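What follows is the content of entry_14.cif, which has mmCIF, C-alpha atoms and all ligand atoms:
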```cif
data_query
#
loop_
_atom_site.label_atom_id
_atom_site.label_comp_id
_atom_site.auth_asym_id
_atom_site.auth_seq_id
_atom_site.Cartn_x
_atom_site.Cartn_y
_atom_site.Cartn_z
CA MET A 210 26.28 28.57 -2.61
CA ILE A 211 27.62 25.06 -2.19
CA ASP A 212 29.64 23.99 -5.20
CA GLN A 213 29.10 20.66 -6.88
CA ALA A 214 32.25 18.96 -5.51
CA GLU A 215 31.31 19.90 -1.99
CA ARG A 216 27.83 18.56 -2.51
CA LEU A 217 29.26 15.31 -3.84
CA ARG A 218 31.61 14.99 -0.85
CA ALA A 219 28.70 15.58 1.54
CA LYS A 220 26.67 12.95 -0.29
CA LEU A 221 29.47 10.40 -0.12
CA LYS A 222 29.99 11.07 3.54
CA GLU A 223 26.30 10.62 4.13
CA GLU A 224 26.27 7.29 2.25
CA VAL A 225 29.24 5.97 4.19
CA SER A 226 27.86 6.98 7.56
CA GLN A 227 24.48 5.54 6.71
CA SER A 228 24.47 2.69 9.16
CA HIS A 229 20.99 3.35 10.51
CA PRO A 230 18.46 0.64 9.81
CA PHE A 231 16.46 1.02 6.67
CA LYS A 232 13.56 -1.12 5.62
CA THR A 233 10.73 -0.86 3.13
CA ILE A 234 7.74 -3.08 3.79
CA ALA A 235 4.79 -3.46 1.41
CA VAL A 236 1.63 -4.47 3.26
CA VAL A 237 -0.60 -6.56 0.99
CA SER A 238 -3.56 -8.93 1.10
CA GLY A 239 -5.60 -10.96 -1.31
CA LYS A 240 -9.04 -10.27 0.08
CA GLY A 241 -10.08 -6.73 0.98
CA GLY A 242 -10.97 -5.51 4.45
CA VAL A 243 -8.71 -7.93 6.32
CA GLY A 244 -6.89 -5.24 8.28
CA LYS A 245 -4.00 -3.95 6.13
CA SER A 246 -4.55 -0.28 6.88
CA ASN A 247 -5.06 -0.85 10.59
CA TYR A 248 -1.96 -2.99 10.72
CA SER A 249 0.11 -0.51 8.65
CA LEU A 250 -0.92 2.47 10.72
CA ASN A 251 -0.60 0.90 14.17
CA PHE A 252 2.62 -0.91 13.36
CA SER A 253 4.04 2.39 12.04
CA ILE A 254 3.01 4.29 15.17
CA SER A 255 4.44 1.55 17.34
CA LEU A 256 7.77 1.82 15.51
CA CYS A 257 7.70 5.60 16.07
CA LYS A 258 7.12 5.04 19.76
CA LYS A 259 10.27 2.94 19.82
CA GLY A 260 12.19 5.86 18.37
CA HIS A 261 12.23 4.83 14.71
CA ARG A 262 11.59 7.33 11.98
CA VAL A 263 8.72 6.10 9.84
CA LEU A 264 7.09 7.21 6.60
CA LEU A 265 3.73 5.59 6.00
CA PHE A 266 2.70 5.81 2.37
CA ASP A 267 -0.97 5.12 1.69
CA LEU A 268 -0.91 3.53 -1.73
CA ASP A 269 -4.43 2.23 -1.88
CA ILE A 270 -5.10 4.04 -5.12
CA GLY A 271 -8.47 5.74 -5.09
CA MET A 272 -9.50 4.42 -1.68
CA GLY A 273 -6.82 5.57 0.74
CA ASN A 274 -8.08 5.70 4.28
CA VAL A 275 -5.11 5.84 6.60
CA GLU A 276 -5.98 9.48 7.32
CA ILE A 277 -9.52 8.56 8.26
CA LEU A 278 -8.24 5.93 10.69
CA MET A 279 -6.39 8.63 12.57
CA GLY A 280 -8.98 11.36 12.19
CA ARG A 281 -6.75 13.69 10.24
CA SER A 282 -6.74 15.14 6.81
CA ALA A 283 -3.65 16.10 4.90
CA GLN A 284 -3.31 19.57 3.45
CA TYR A 285 -1.82 18.33 0.19
CA SER A 286 -1.96 15.19 -1.88
CA ILE A 287 0.17 13.65 -4.59
CA ALA A 288 -2.06 15.51 -7.06
CA ASP A 289 -0.61 18.79 -5.74
CA PHE A 290 2.90 17.47 -6.24
CA ILE A 291 2.13 16.72 -9.86
CA LYS A 292 -0.21 19.50 -10.87
CA LYS A 293 1.02 22.38 -8.75
CA ASP A 294 4.69 21.47 -8.51
CA ILE A 295 4.49 21.39 -4.72
CA PRO A 296 7.65 19.71 -3.42
CA LEU A 297 7.15 16.12 -2.28
CA LYS A 298 8.35 16.97 1.20
CA ASN A 299 5.44 19.39 1.58
CA ILE A 300 2.85 16.71 0.98
CA ILE A 301 4.12 14.71 3.93
CA SER A 302 1.86 15.13 6.93
CA GLU A 303 2.49 14.48 10.56
CA GLY A 304 0.58 11.87 12.53
CA PRO A 305 0.82 10.79 16.18
CA PHE A 306 4.20 10.21 17.82
CA GLY A 307 6.08 11.85 14.98
CA LEU A 308 4.74 9.50 12.32
CA ASN A 309 5.11 10.95 8.84
CA TYR A 310 2.61 9.93 6.21
CA ILE A 311 1.56 10.55 2.66
CA GLY A 312 -2.21 10.32 2.38
CA GLY A 313 -3.91 8.37 -0.32
CA GLY A 314 -7.18 8.98 -2.03
CA THR A 315 -8.06 9.81 -5.57
CA GLY A 316 -5.00 12.01 -6.01
CA LEU A 317 -2.87 8.91 -6.02
CA SER A 318 -4.11 7.76 -9.38
CA HIS A 319 -1.92 10.55 -10.76
CA ILE A 320 1.13 8.56 -9.76
CA LEU A 321 0.20 6.07 -12.41
CA LYS A 322 0.03 8.64 -15.16
CA LEU A 323 3.38 10.32 -14.67
CA ASP A 324 5.40 11.23 -17.73
CA ASP A 325 9.16 10.64 -17.82
CA MET A 326 9.99 14.06 -16.41
CA GLN A 327 7.55 13.63 -13.56
CA ILE A 328 8.87 10.15 -12.75
CA SER A 329 12.36 11.60 -12.51
CA ARG A 330 11.13 14.40 -10.31
CA PHE A 331 9.11 12.04 -8.11
CA THR A 332 11.87 9.46 -7.65
CA GLY A 333 14.52 12.17 -7.32
CA GLU A 334 12.68 13.94 -4.51
CA LEU A 335 11.67 10.66 -2.91
CA SER A 336 15.28 9.46 -2.85
CA GLN A 337 16.26 12.57 -0.90
CA LEU A 338 13.34 12.25 1.48
CA ILE A 339 13.62 8.60 2.37
CA ARG A 340 17.11 9.11 3.74
CA ASN A 341 15.39 10.68 6.73
CA TYR A 342 13.60 7.45 7.62
CA ASP A 343 14.32 4.05 9.08
CA TYR A 344 11.14 2.48 7.78
CA ILE A 345 8.95 3.06 4.74
CA ILE A 346 5.61 1.29 5.14
CA LEU A 347 3.50 0.96 2.01
CA ASP A 348 -0.17 0.34 2.70
CA MET A 349 -1.40 -1.25 -0.52
CA GLY A 350 -4.90 -1.91 -1.79
CA ALA A 351 -6.31 -5.44 -1.75
CA GLY A 352 -5.05 -7.76 -4.47
CA ILE A 353 -2.44 -6.71 -6.93
CA THR A 354 -2.51 -4.65 -10.09
CA GLU A 355 0.15 -3.96 -12.66
CA GLU A 356 0.65 -0.58 -11.05
CA SER A 357 0.67 -1.61 -7.39
CA ALA A 358 3.17 -4.34 -8.29
CA LYS A 359 5.70 -1.61 -9.10
CA PHE A 360 5.74 -0.49 -5.51
CA ILE A 361 5.42 -3.95 -4.00
CA LEU A 362 8.35 -5.33 -5.98
CA SER A 363 10.51 -2.32 -5.02
CA ALA A 364 10.11 -3.06 -1.32
CA GLN A 365 12.56 -5.09 0.67
CA GLU A 366 9.88 -7.37 2.05
CA VAL A 367 6.20 -8.07 1.79
CA ALA A 368 3.88 -8.40 4.78
CA VAL A 369 0.87 -10.48 3.76
CA ILE A 370 -2.20 -9.95 5.92
CA THR A 371 -4.89 -12.56 6.17
CA THR A 372 -7.65 -13.59 8.53
CA PRO A 373 -8.25 -17.28 9.34
CA GLU A 374 -11.26 -17.38 7.00
CA PRO A 375 -10.75 -19.83 4.13
CA THR A 376 -11.58 -17.18 1.52
CA SER A 377 -8.97 -14.85 2.97
CA ILE A 378 -6.38 -17.65 3.15
CA THR A 379 -6.96 -18.69 -0.46
CA ASP A 380 -6.70 -15.10 -1.65
CA ALA A 381 -3.56 -14.50 0.43
CA TYR A 382 -1.92 -17.50 -1.18
CA SER A 383 -2.98 -16.27 -4.65
CA VAL A 384 -1.44 -12.88 -4.10
CA MET A 385 1.78 -14.50 -2.82
CA LYS A 386 1.89 -16.69 -5.90
CA HIS A 387 1.34 -13.69 -8.13
CA ILE A 388 4.19 -11.78 -6.48
CA HIS A 389 6.40 -14.87 -6.43
CA LEU A 390 6.02 -15.27 -10.20
CA MET A 391 7.34 -11.74 -10.67
CA ASP A 392 10.08 -11.96 -8.05
CA ASP A 393 10.98 -15.28 -6.46
CA SER A 394 13.32 -13.80 -3.87
CA ILE A 395 11.29 -11.08 -2.16
CA PRO A 396 10.66 -12.31 1.42
CA PHE A 397 7.12 -12.97 2.61
CA HIS A 398 6.06 -12.39 6.20
CA LEU A 399 2.61 -13.38 7.33
CA VAL A 400 0.36 -11.48 9.69
CA ILE A 401 -2.69 -13.44 10.81
CA ASN A 402 -5.34 -10.91 11.80
CA ARG A 403 -8.64 -11.37 13.60
CA SER A 404 -7.53 -14.69 14.97
CA ASP A 405 -9.62 -16.51 17.51
CA GLY A 406 -6.63 -17.28 19.71
CA GLU A 407 -3.01 -18.28 19.25
CA ARG A 408 -3.81 -21.78 18.07
CA GLU A 409 -6.07 -20.71 15.21
CA GLY A 410 -3.41 -18.18 14.20
CA GLN A 411 -0.68 -20.82 14.15
CA GLU A 412 -2.87 -23.20 12.17
CA THR A 413 -3.67 -20.51 9.61
CA TYR A 414 0.01 -19.68 9.27
CA LYS A 415 0.92 -23.35 8.82
CA ARG A 416 -1.66 -23.85 6.09
CA ILE A 417 -0.33 -20.95 4.05
CA ALA A 418 3.31 -21.71 4.73
CA ALA A 419 2.77 -25.36 3.72
CA ALA A 420 1.14 -24.33 0.43
CA ALA A 421 3.90 -21.81 -0.29
CA SER A 422 6.55 -24.38 0.46
CA ARG A 423 4.95 -27.14 -1.57
CA PHE A 424 3.85 -25.22 -4.64
CA LEU A 425 6.22 -22.27 -4.74
CA GLY A 426 9.23 -23.75 -2.98
CA ARG A 427 9.20 -20.78 -0.65
CA ASP A 428 9.80 -20.21 3.02
CA THR A 429 7.30 -17.91 4.70
CA ASP A 430 7.75 -16.69 8.21
CA LEU A 431 5.17 -15.66 10.73
CA LEU A 432 5.40 -12.00 11.66
CA GLY A 433 2.61 -12.18 14.20
CA ILE A 434 -0.92 -13.04 15.17
CA ILE A 435 -3.41 -10.28 15.99
CA PRO A 436 -6.52 -11.43 17.84
CA ASP A 437 -10.01 -10.47 16.84
CA ASP A 438 -10.53 -7.54 19.15
CA ARG A 439 -13.68 -5.48 19.51
CA SER A 440 -11.72 -2.47 20.65
CA ILE A 441 -10.35 -2.16 17.09
CA GLN A 442 -13.84 -1.54 15.73
CA GLN A 443 -14.45 1.00 18.48
CA ALA A 444 -11.15 2.70 17.71
CA VAL A 445 -11.96 2.82 14.00
CA LYS A 446 -15.34 4.41 14.74
CA ARG A 447 -13.69 7.01 16.92
CA GLN A 448 -10.93 7.55 14.35
CA ILE A 449 -8.20 6.86 16.87
CA PRO A 450 -5.42 4.37 16.03
CA PHE A 451 -6.15 1.29 18.15
CA ILE A 452 -2.78 1.18 19.87
CA ILE A 453 -3.50 4.68 21.17
CA TYR A 454 -7.17 4.01 21.92
CA ARG A 455 -6.50 0.89 24.02
CA GLU A 456 -2.81 0.67 24.68
CA ASN A 457 -3.14 -2.56 26.61
CA SER A 458 -5.63 -4.41 24.46
CA ALA A 459 -4.61 -7.83 23.19
CA ALA A 460 -4.30 -6.41 19.66
CA SER A 461 -2.06 -3.55 20.83
CA LYS A 462 0.18 -6.03 22.64
CA ALA A 463 0.42 -8.13 19.48
CA ILE A 464 1.51 -5.07 17.51
CA ARG A 465 4.16 -4.26 20.11
CA THR A 466 5.54 -7.80 19.95
CA MET A 467 5.85 -7.49 16.17
CA THR A 468 7.52 -4.11 16.52
CA GLU A 469 10.13 -5.55 18.83
CA LYS A 470 10.79 -8.37 16.42
CA ALA A 471 11.07 -6.00 13.47
CA GLY A 472 13.09 -3.48 15.46
CA ALA A 473 15.73 -6.11 16.15
CA GLU A 474 16.06 -7.07 12.51
CA PRO A 475 17.04 -3.99 10.53
CA GLY A 476 19.94 -3.34 12.88
CA GLU A 477 21.32 -6.75 12.14
CA GLN A 478 20.80 -6.25 8.46
CA ALA A 479 22.09 -2.68 8.35
CA GLY A 480 23.81 -2.01 5.10
CA GLU A 481 22.06 -4.84 3.27
CA HIS A 482 19.21 -2.73 2.10
CA HIS A 483 19.89 0.82 1.11
CA PRO A 484 17.41 3.57 0.25
CA SER A 485 18.96 3.82 -3.19
CA GLN A 486 18.02 0.19 -3.88
CA PHE A 487 14.36 0.95 -3.28
CA ILE A 488 14.54 4.03 -5.49
CA SER A 489 16.41 2.37 -8.33
CA LYS A 490 13.90 -0.48 -8.43
CA LEU A 491 10.96 1.90 -8.30
CA LYS A 492 12.46 3.99 -11.07
CA LYS A 493 12.96 0.93 -13.23
CA PHE A 494 9.37 -0.22 -12.72
CA LEU A 495 7.78 3.22 -13.15
CA PHE A 496 9.65 3.92 -16.37
CA ASN A 497 8.76 0.50 -17.71
CA ARG A 498 5.17 1.18 -18.66
CA GLY A 499 4.90 -1.99 -20.69
N1 LIG B 1 -8.06 -7.56 14.76
C1 LIG B 1 -9.27 -7.06 14.48
N2 LIG B 1 -10.31 -7.29 15.33
C2 LIG B 1 -11.54 -6.80 15.07
N3 LIG B 1 -11.84 -6.09 13.98
C3 LIG B 1 -10.87 -5.82 13.09
C4 LIG B 1 -9.54 -6.29 13.30
N4 LIG B 1 -8.77 -5.87 12.27
C5 LIG B 1 -9.59 -5.18 11.44
N5 LIG B 1 -10.86 -5.16 11.93
C6 LIG B 1 -12.05 -4.55 11.30
O1 LIG B 1 -11.89 -4.65 9.90
C7 LIG B 1 -12.09 -3.39 9.29
C8 LIG B 1 -11.22 -3.25 8.06
O2 LIG B 1 -9.87 -3.03 8.43
P1 LIG B 1 -8.85 -2.27 7.46
O3 LIG B 1 -9.46 -1.04 6.92
O4 LIG B 1 -7.58 -2.14 8.20
O5 LIG B 1 -8.72 -3.36 6.30
P2 LIG B 1 -7.97 -3.23 4.91
O6 LIG B 1 -7.39 -4.57 4.62
O7 LIG B 1 -7.04 -2.08 4.91
O8 LIG B 1 -9.18 -2.94 3.92
P3 LIG B 1 -9.08 -2.50 2.37
O9 LIG B 1 -8.83 -3.78 1.61
O10 LIG B 1 -10.42 -1.92 2.10
O11 LIG B 1 -7.95 -1.53 2.25
C9 LIG B 1 -11.78 -2.38 10.39
O12 LIG B 1 -12.47 -1.19 10.17
C10 LIG B 1 -12.23 -3.09 11.64
O13 LIG B 1 -13.61 -2.87 11.85
MG MG B 2 -6.85 -0.43 3.57
#
```
Could I get this structure in the form of structure tokens?
Ligand SMILES: Nc1ncnc2c1ncn2[C@@H]1O[C@H](COP(=O)(O)OP(=O)(O)OP(=O)(O)O)[C@@H](O)[C@H]1O
Ligand SMILES: [Mg+2]
Amino acid sequence: MIDQAERLRAKLKEEVSQSHPFKTIAVVSGKGGVGKSNYSLNFSISLCKKGHRVLLFDLDIGMGNVEILMGRSAQYSIADFIKKDIPLKNIISEGPFGLNYIGGGTGLSHILKLDDMQISRFTGELSQLIRNYDYIILDMGAGITEESAKFILSAQEVAVITTPEPTSITDAYSVMKHIHLMDDSIPFHLVINRSDGEREGQETYKRIAAAASRFLGRDTDLLGIIPDDRSIQQAVKRQIPFIIYRENSAASKAIRTMTEKAGAEPGEQAGEHHPSQFISKLKKFLFNRG
């Protein structure tokens, strides 16, 4: 049996040597159905293909569908963690290219009803687990609720997905404003999805960035532009992630470009964001039930 001092020494050593990149990204949108889950899943797989270790957490409470997009179904859900005391690590499932994911669905609503003991158990186990990853991607539901905000505000950055449609743009700005009012320093990165070409994507980005700059005093950068691509609908119907279904489609290429951009960043920022920061924020928000 390892004694406590030894365990502490091992933990310290681990913290010191922890120079691998670590990033938590919450994927949000104002309007529903704009491509968050497809982006989250395919971006995650693309990161895996580049050798990163990724945990994709489907946090669309009650409507999770990341599993459906890859034609898999997880053996356990968060409900099993809570009701049956199944360790958190056992509810993690494996997707393509070594992707790890926690499926969503109705079981997730249990996360919102945790008592203090369960919050400690959840965050305690999660803090151990996330040390095994370089990226934690949180696929959120559309809009923002008091509960989803807890996860969003714990992340290091927020990826806002929008299409060029005016309704989607307006809702994207609203959700950014909402988040900004709770935390004015969390970085926003925009993904313009279903764009009819580069130019429309750039124009959409500029409109949102201008509004954020003018009314919120915020800088917003452009993470990428994903074209409207019929092969995505085909991939969804076949339940195959689109970057696997059509590796060389325009949308797949766009995802790869974003992966390269993202892959370059955490290395530079290594040490700035630590898994324990994510956990301590999450703990604070989950305990604060208002
Ligand atoms: N770039 C694209 N080109 C063509 N169709 C797309 C594209 N992105 C998404 N779609 C279509 O939009 C649908 C919705 O995508 P997705 O489920 O990823 O959205 P979502 O934002 O996660 O939705 P929800 O708000 O319900 O969680 C897909 O099933 C697909 O048919
Ligand atoms: Mg979704």
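Inspection of the environment of ligand MG 2 (chain B), which uses only C-alpha atoms and all ligand atoms and a cut-off of 10 Å, identifies the neighbouring residues as Val236, Val237, Ser238, Gly241, Gly242, Val243, Gly244, Lys245, Ser246, Asn247, Tyr248, Ser249, Leu250, Asp267, Leu268, Asp269, Ile270, Met272, Gly273, Asn274, Val275, Leu278, Asp348, Met349, Gly350 and Ala351 of chain A.
Relative to CA of Asp380 (chain A), CA of Gly352 (chain A) is found at 8.0 Å.
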Per residue of region 334-450 of chain A within 7 Å of region 461-471 of chain A, which atom pair is closest and at what distance in Å (one decimal), using only C-alpha atoms, listed by chain and increasing number, as a tab-separated table?
```
residue	atom	partner	partner_atom	distance
A:Leu432	CA	A:Met467	CA	6.4
A:Gly433	CA	A:Met467	CA	6.0
A:Ile434	CA	A:Ala463	CA	6.7
A:Ile435	CA	A:Ala463	CA	5.6
```
Exercise. Give me the residues within 6 Å of Ile234 (chain A) as a PyMOL selection string, counting all atoms listed in the file and dropping any in the same chain fewer than 6 places off.
Key: chain A and resi 346+364+366-367
Exercise. Place a sphere of radius 10 Å on (1.1, -1.2, -12.2) in the file coordinates and name every protein, DNA or RNA residue with an atom inside or on its surface, counting all atoms listed in the file; give the answer as number ranges by chain.
Key: A: 321, 353-361, 494-495, 497-499
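By chain and then residue number, the residues within 7 Å of region 289-305 of chain A are Ile254, Ala283, Tyr285, Asn309, Tyr310, Ile311, Glu334 and Leu338 of chain A, counting only C-alpha atoms and disregarding those fewer than 4 positions away in sequence.
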Convert the current residue selection to file output with C-alpha atoms, as a PDB file, keeping the file's coordinate frame.
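Result file is again_29.pdb:
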```
ATOM      1  CA  ILE A 254       3.010   4.290  15.170  1.00  0.00           C
ATOM      2  CA  ALA A 283      -3.650  16.100   4.900  1.00  0.00           C
ATOM      3  CA  TYR A 285      -1.820  18.330   0.190  1.00  0.00           C
ATOM      4  CA  ASN A 309       5.110  10.950   8.840  1.00  0.00           C
ATOM      5  CA  TYR A 310       2.610   9.930   6.210  1.00  0.00           C
ATOM      6  CA  ILE A 311       1.560  10.550   2.660  1.00  0.00           C
ATOM      7  CA  GLU A 334      12.680  13.940  -4.510  1.00  0.00           C
ATOM      8  CA  LEU A 338      13.340  12.250   1.480  1.00  0.00           C
TER       9      LEU A 338
END
```
Quiz item: To one decimal place, how far is CA of Glu409 (chain A) from CA of Leu265 (chain A) in Å?
Solution: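 Computing it gives 29.5 Å between the two atoms.
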Quiz item: Which residues, written as a list in words, have at least one atom at most 10 Å from region 426-428 of chain A, with all atoms listed in the file counted and residues fewer than 4 positions away on the same chain left out?
Solution: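 Result of the neighbour search: Met385, Lys386, His389, Asp393, Ser394, Pro396, Phe397, His398, Ala418, Ala419, Ala420, Ala421 and Ser422 of chain A.
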Self-check item: Given only C-alpha atoms and all ligand atoms as the counted atoms, nearest of A:Ser383, A:Thr429, A:Thr332, A:Thr371 to ligand LIG 1 (chain B)
Solution: A:Thr371
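With all atoms listed in the file as the basis for measurement, A:Ile449 is the residue among A:Ile449, A:Leu264, A:Ala214, A:Leu425 that approaches ligand LIG 1 (chain B) most closely.
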Calculate, to one decimal in Å, the centre and edge lengths of the box along x, y and z of the file that holds all listed atoms of ligand LIG 1 (chain B) with 3 Å of margin on each side, and present them as AutoDock Vina command-line options.
```
--center_x -10.3 --center_y -4.3 --center_z 8.5 --size_x 12.6 --size_y 12.5 --size_z 19.7
```
